Structure formats: structure tokens, C-alpha cells
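Enquirer: Let me give you the structure first, and then I'll get to my questions.
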Amino acid sequence: MATFSLKRPWLICVLAICGVLAACSDGAAPILTAGGLGGPTGYWHANAIVKSGFSETELSPDSLRVRVEGTGSTPRARIELIARARAAELGVERKGKFFKPGPAAYSVVCEDGKVLAHKSGKSLPVAAPVVEVDVVYAKSQVDPSYLPSAETFATLTRALNAQTFDAESRQASAAEVKAACGK
């Protein structure tokens, strides 16, 4: 009876991940991003492998900074919407019935000197649009600028789910990110 041995199981994992990433990439964005390949950023946590998504940092017991890193093809308005939706969701999770988001600070992170091989064979710069929003939470509506967490999260989630992006808008977003990095 023949036996099958995997001497390098990590290699199979790496090849599987590369296959999935290649299959998911639509090639519409002319720039690879720190966040990943292909289309606009979804509503998910950023992590060590997929940098696109949201994360948060505690500033004080009642305030957080929500950071969203997008892919190059993610429109700025979507990144801001993700940041505000996450801020509202954190209000629900933290039992802060109300939250007050500050203004969205937009920037583009350019990683000079880092390139990735694209399926076209070209080496492309790595860049990512970023939005940061400082948020304050409260158990009651301190003033009219404090929004109800649960209702706002539901509204913003519906708005995120309703968004669609054609190739032209993704390419325009990618061109904006590329220009911000001087590429």
C-alpha cells in the first residue's frame, strides 16, 4: 500500500493562499496595496496577513481611535463609512448607548522601496488609504452631537451593504492613492 507523506505542509498552505489571492484579484486596480489585492475593503478586522480593515486603540476609558486601512481601490467615502460604522458598533459592544465621532482624518500610507510582483509581471508600489476617527462614548446623550450607537450602527451597516463599485470608481480611487504617493 502506498503512503502519502507531506514533508513540507507549510508549502501547500502557502500555495493555497496564493491561489486564493490570485483568484480573488480582479486586476482592476493598477496598484497593489498593503491591504491586499482587488476590490474595495470590506467590513472586517485588520490583521497581520490582511492589513485592510479596521482596528482600534483605546485613548481613555471612554474614548477610542478607530483606524481603517483600505485597499488602493477603496473609495475614501467607503473607508470613512467603515470607520463610523465600527465606532458605532464599539458603542454597542462597550454598552455606551451614545457615541460622538470626531472628524475623519484621511491619509495615504506609502511604503517606499517595497514592491510586490503583480500577475502582470510588473513590480508595483505598495500604498494604502487610511482614515482615523477619534470617538467618545457616553451612557446618555450629553449633547445633540452624540449619536445613538445601536441605531447608527444599523443604519451605517445597511449603507455599507448597499454600496457597489464599478471598475471606473475603483480605478479612480487607485489613481488617487497612487498620486498621493507620488507614483
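Ordering of the C-alpha cells sets the chain letters (A, B, ...), residue numbers begin anew at 1 in every chain, and ligands are numbered from 1 in the order given.
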Quick one: residues within 12 Å of A:Gln141, only C-alpha atoms, excluding same-chain residues fewer than 3 positions away - as a list in words?
Expert: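 So the residues in contact are Gly96, Lys97, Phe98, Phe99, Lys100, Val136, Tyr137, Ala138, Pro144, Ser145, Tyr146, Leu147, Pro148 and Ser149 of chain A.
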Enquirer: Going by DSSP on the backbone, which residues of stretch 125-161 of chain A come out as strand (DSSP E or B)? List them as number ranges by chain.
Expert: A: 125-138, 147-148
Enquirer: Determine, counting only C-alpha atoms, which protein, DNA and RNA residues have an atom within 8 Å of an atom of stretch 154-168 of chain A; residues of the same chain fewer than 5 positions away are not included. Present the result as a ChimeraX atom specification.
Expert: /A:28,40,78,81-82,84-85
Enquirer: Produce a file of the selected residues containing N, CA and C atoms, as a PDB file, in the first residue's frame.
Expert:
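The resulting file, result23.pdb, is shown below:
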```pdb
ATOM      1  N   ALA A  28      -8.383  45.144 -11.440  1.00  0.00           N
ATOM      2  CA  ALA A  28      -8.898  46.466 -11.810  1.00  0.00           C
ATOM      3  C   ALA A  28      -8.033  47.594 -11.267  1.00  0.00           C
ATOM      4  N   PRO A  40     -12.665  46.809  -3.326  1.00  0.00           N
ATOM      5  CA  PRO A  40     -12.731  47.660  -2.139  1.00  0.00           C
ATOM      6  C   PRO A  40     -12.721  46.882  -0.826  1.00  0.00           C
ATOM      7  N   ARG A  78     -16.039  55.227   1.386  1.00  0.00           N
ATOM      8  CA  ARG A  78     -16.293  53.910   1.983  1.00  0.00           C
ATOM      9  C   ARG A  78     -15.430  53.697   3.227  1.00  0.00           C
ATOM     10  N   LEU A  81     -16.972  55.574   5.974  1.00  0.00           N
ATOM     11  CA  LEU A  81     -18.201  54.911   6.415  1.00  0.00           C
ATOM     12  C   LEU A  81     -17.888  53.694   7.288  1.00  0.00           C
ATOM     13  N   ILE A  82     -16.867  52.932   6.908  1.00  0.00           N
ATOM     14  CA  ILE A  82     -16.446  51.782   7.714  1.00  0.00           C
ATOM     15  C   ILE A  82     -15.993  52.258   9.093  1.00  0.00           C
ATOM     16  N   ARG A  84     -16.881  54.960  10.762  1.00  0.00           N
ATOM     17  CA  ARG A  84     -18.031  55.400  11.559  1.00  0.00           C
ATOM     18  C   ARG A  84     -18.902  54.219  11.993  1.00  0.00           C
ATOM     19  N   ALA A  85     -19.059  53.240  11.110  1.00  0.00           N
ATOM     20  CA  ALA A  85     -19.831  52.049  11.476  1.00  0.00           C
ATOM     21  C   ALA A  85     -19.134  51.291  12.610  1.00  0.00           C
TER      22      ALA A  85
END
```
Enquirer: Do you know which residues are at most 8 Å from A:Cys181 counting only C-alpha atoms, after dropping those on the same chain fewer than 4 positions away, and could you put them as a PyMOL selection string?
Expert: chain A and resi 108-110+127+177
Enquirer: Name the residues in contact with A:Ala83 at a cut-off of 8 Å, using only C-alpha atoms, excluding same-chain residues fewer than 3 positions from it; report them as a ChimeraX atom specification.
Expert: /A:54,66-68,79-80,86-87,131-133
Enquirer: Mind dumping the selected residues with N, CA and C atoms as a tab-separated table (two decimals), in the first residue's frame?
Expert:
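Result went into result-v1.tsv, see below:
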```tsv
chain	number	residue	atom	x	y	z
A	54	PHE	N	-10.47	47.31	9.81
A	54	PHE	CA	-10.45	48.25	10.92
A	54	PHE	C	-9.70	47.70	12.12
A	66	VAL	N	-10.52	54.83	16.08
A	66	VAL	CA	-10.82	53.79	15.10
A	66	VAL	C	-9.99	54.10	13.86
A	67	ARG	N	-9.26	53.08	13.38
A	67	ARG	CA	-8.41	53.23	12.20
A	67	ARG	C	-8.87	52.23	11.15
A	68	VAL	N	-9.04	52.70	9.93
A	68	VAL	CA	-9.40	51.82	8.83
A	68	VAL	C	-8.36	51.99	7.74
A	79	ILE	N	-14.17	54.12	3.17
A	79	ILE	CA	-13.28	53.95	4.32
A	79	ILE	C	-13.83	54.75	5.51
A	80	GLU	N	-14.30	55.97	5.23
A	80	GLU	CA	-14.89	56.79	6.29
A	80	GLU	C	-16.16	56.14	6.85
A	86	ARG	N	-17.82	51.16	12.52
A	86	ARG	CA	-17.09	50.47	13.59
A	86	ARG	C	-17.18	51.24	14.89
A	87	ALA	N	-17.10	52.57	14.82
A	87	ALA	CA	-17.24	53.39	16.03
A	87	ALA	C	-18.59	53.15	16.68
A	131	VAL	N	-8.08	56.06	7.18
A	131	VAL	CA	-8.92	57.02	7.88
A	131	VAL	C	-8.85	56.71	9.36
A	132	GLU	N	-8.68	57.75	10.17
A	132	GLU	CA	-8.71	57.60	11.63
A	132	GLU	C	-9.77	58.54	12.18
A	133	VAL	N	-10.56	58.01	13.12
A	133	VAL	CA	-11.62	58.79	13.77
A	133	VAL	C	-11.50	58.58	15.27
```
Enquirer: In Å, how far is it from atom CA of A:Ala175 to atom CA of A:Pro101?
Expert: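 Atom CA of A:Pro101 lies 28.5 Å from atom CA of A:Ala175.
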